[in-house]
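First up is the structure itself, then whatever we jot down about it.
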Amino acid sequence: MKDYYENPGLLLPEENITGQIGWRSPSNIALVKYWGKYGRQLPKNASLSMTLSKAYTETSLKYRTATTAPKRVFLFEGNDHPAFAKRIWKFVDSLEHIFPYLQQMDLEIVTKNSFPHSAGIASSASAMSALALCLVDMERQIFHLEYSDAEFFKKASYIARLGSGSASRSIYPGFSLWGHAKKVSIDSDNKFAIPFYDAIHPSFRGLRDAILIVDDAQKKVSSSMGHSLMNHHPYADDRLAQADRNLNLLDKALRVGDKQVFINVVESEALSLHALMMTSDPWFMLMKAESMSIIQKIKKYREHSGKFITFTMDAGPNVHVLYSEEDQLDIHSFIDKELKPLCVKQQLLYDEMGRGPIKLK
Ligand code: DP6
């Protein structure tokens, strides 16, 4: 039997329907990285992320029963964007088995990001989660479905995952866990993310994330290409074991408030991700000299000040600096003085742990 979030077998009502939905959904930063996938967007290892607040996408979806061939309109920041539109419609068409009635509807998607397009920040997590929330909400509205919040977000996470794996995690506030976590005593799944916030120690609530823009160009390695590097990677098995170990350690550290273990795991994950890229065939070196200087300076500052400060990175040269709210003043002056000059055009974004997506009026 199929789960409710896979194919509810719904048929469009006879009468014409029309409506509009909007969602704001944040980006997220992985602490344990998703790197490697199989089947249809299923992760080779479980990943854990922190949901952000200020880096988000707002998407609105207008729909109505099509009277002729279904019309599709897509606008990004008020303009046509053929490359992005192609990805979005390909994704929407790929959902035919879940939302078969989409082929009988006119759809207009209008979307914008809170962060500059050129900031080199991965936008697929916020973009795909915002769109997934709109689609699931549209379905709820058309068919008067009575989902609980938990069911609604689970389905949205499932759909977001099909658009981009990391998007599945943007659905929840605080921390999210996506993928079957072998050593963590919580029932997680490869098909959707789950919230991971209840038993978090107060020292990790409200974490800050300063995103240092070292390069504002488009990504050099597409995510799918990056994940495929893990298919024949010489260290693939060890990586999967390492991810399980790191997740287990981080799970415990988050519960008991162990900042040292948090630092060890988060930095090990960031550097391992880059080490895996450097040892792939073909190899990629996505760190820049500035990224390296930044992480060395963070380490030195931590050693001298004794403060809780650490970093992580995605598959690119930008550096996310993580720290507590209580140290914000000191750490911002350190960042402004020592790290900002290493950023391209001195660009950086001060973000923090967020409360998850919100429905737009
Ligand atoms: C390095 O979610 O962008 O940011 O599923 O192919 O869209 P696709 O990949 P994507 O991969 C993110 C990889 C990462 C680590 C992470 O976010 O866990």
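We label chains A, B, ... in the order they appear in the structure tokens, count residues from 1 in each chain, and number ligands from 1 in the order shown.
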Can you build me a table of region 313-359 of chain A residues sitting at most 9 Å from region 205-223 of chain A, with the closest atom pair per residue and its distance in Å to one decimal, using only C-alpha atoms, sorted by chain and residue number, as CSV?
residue,atom,partner,partner_atom,distance
A:Ala315,CA,A:Val221,CA,7.8
A:Gly316,CA,A:Lys219,CA,6.9
A:Pro317,CA,A:Val214,CA,6.0
A:Asn318,CA,A:Val214,CA,5.0
A:Val319,CA,A:Leu212,CA,5.2
A:His320,CA,A:Ile211,CA,4.5
A:Val321,CA,A:Ala210,CA,5.0
A:Leu322,CA,A:Asp209,CA,4.7
A:Tyr323,CA,A:Arg208,CA,5.2
A:Ser324,CA,A:Leu207,CA,5.0
A:Glu325,CA,A:Arg208,CA,6.2
A:Gln328,CA,A:Arg208,CA,7.9
A:His332,CA,A:Ala210,CA,8.8
A:Ile335,CA,A:Ala210,CA,8.6
A:Leu339,CA,A:Leu212,CA,7.9
A:Lys340,CA,A:Leu212,CA,7.3
A:Leu342,CA,A:Val214,CA,6.9
A:Cys343,CA,A:Val214,CA,4.6
A:Val344,CA,A:Val214,CA,5.2
A:Lys345,CA,A:Ile213,CA,8.5
A:Gln346,CA,A:Ile213,CA,7.8
A:Gln347,CA,A:Ile213,CA,5.5
A:Leu348,CA,A:Leu212,CA,4.6
A:Leu349,CA,A:Ile211,CA,5.0
A:Tyr350,CA,A:Ala210,CA,4.4
A:Asp351,CA,A:Asp209,CA,5.0
A:Glu352,CA,A:Arg208,CA,4.1
A:Met353,CA,A:Gly206,CA,5.3
A:Gly354,CA,A:Gly206,CA,7.8
request  = Produce as a list in words the set of residues near ligand 1, where near means within 7 Å with only C-alpha atoms and all ligand atoms considered.
outcome  = Ile29, Ala30, Val32, Lys33, Tyr34, Trp35, Gln41, Ser47, Ser124, Ala125, Arg161, Gly163, Ser164, Gly165, Ser166, Ala167, Ser223, Ser224, His227, Asp314 and Ala315 of chain A
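Minimum distance to Met128 (chain A) across A:Leu42, A:Ser203, A:Ser25, A:Ala69 (counting only C-alpha atoms) occurs at A:Ser25.
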inquiry  = Could you tell me how far CA of Thr59 (chain A) sits from CA of Ser114 (chain A), in Å to one decimal place?
reply    = 11.3 Å
task = Tell me, as a VMD selection string, which residues lie within 10 Å of region 96-98 of chain A, counting only C-alpha atoms; anything in the same chain fewer than 4 positions away does not count.
result = chain A and resid 4 to 10 91 to 92 102 to 103 159
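Between CA of Ala132 (chain A) and CA of Ala160 (chain A) the interatomic distance comes to 5.1 Å.
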Using only C-alpha atoms, tabulate the residues of region 46-164 of chain A lying at most 12 Å from any atom of region 248-257 of chain A, each with its closest atom pair and that distance in Å to one decimal, by chain and increasing residue number, as CSV.
residue,atom,partner,partner_atom,distance
A:Ala46,CA,A:Asn248,CA,10.4
A:Ser47,CA,A:Leu250,CA,10.7
A:Leu48,CA,A:Leu250,CA,8.9
A:Ser49,CA,A:Leu250,CA,10.9
A:Met50,CA,A:Leu254,CA,11.7
inquiry  = Write out as an NGL selection string the set of residues from region 217-292 of chain A that DSSP, computed on the backbone, places in helix (DSSP H, G or I).
reply    = :A and (223-228 or 236-256 or 259-278 or 289-292)
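The list of residues with at least one atom within 8 Å of Ser157 (chain A), based on only C-alpha atoms and without residues fewer than 4 positions apart in the same chain, reads Ser129, Ala132, Phe153, Arg161, Ala167, Ser168, Arg169, Ser170, Ile171, Phe192 and Ala193 of chain A.
Considering the residues A:Ala127, A:Ala199, A:Leu271, A:Ala241 and counting only C-alpha atoms, Arg87 (chain A) has its shortest atom-to-atom contact with A:Ala127.
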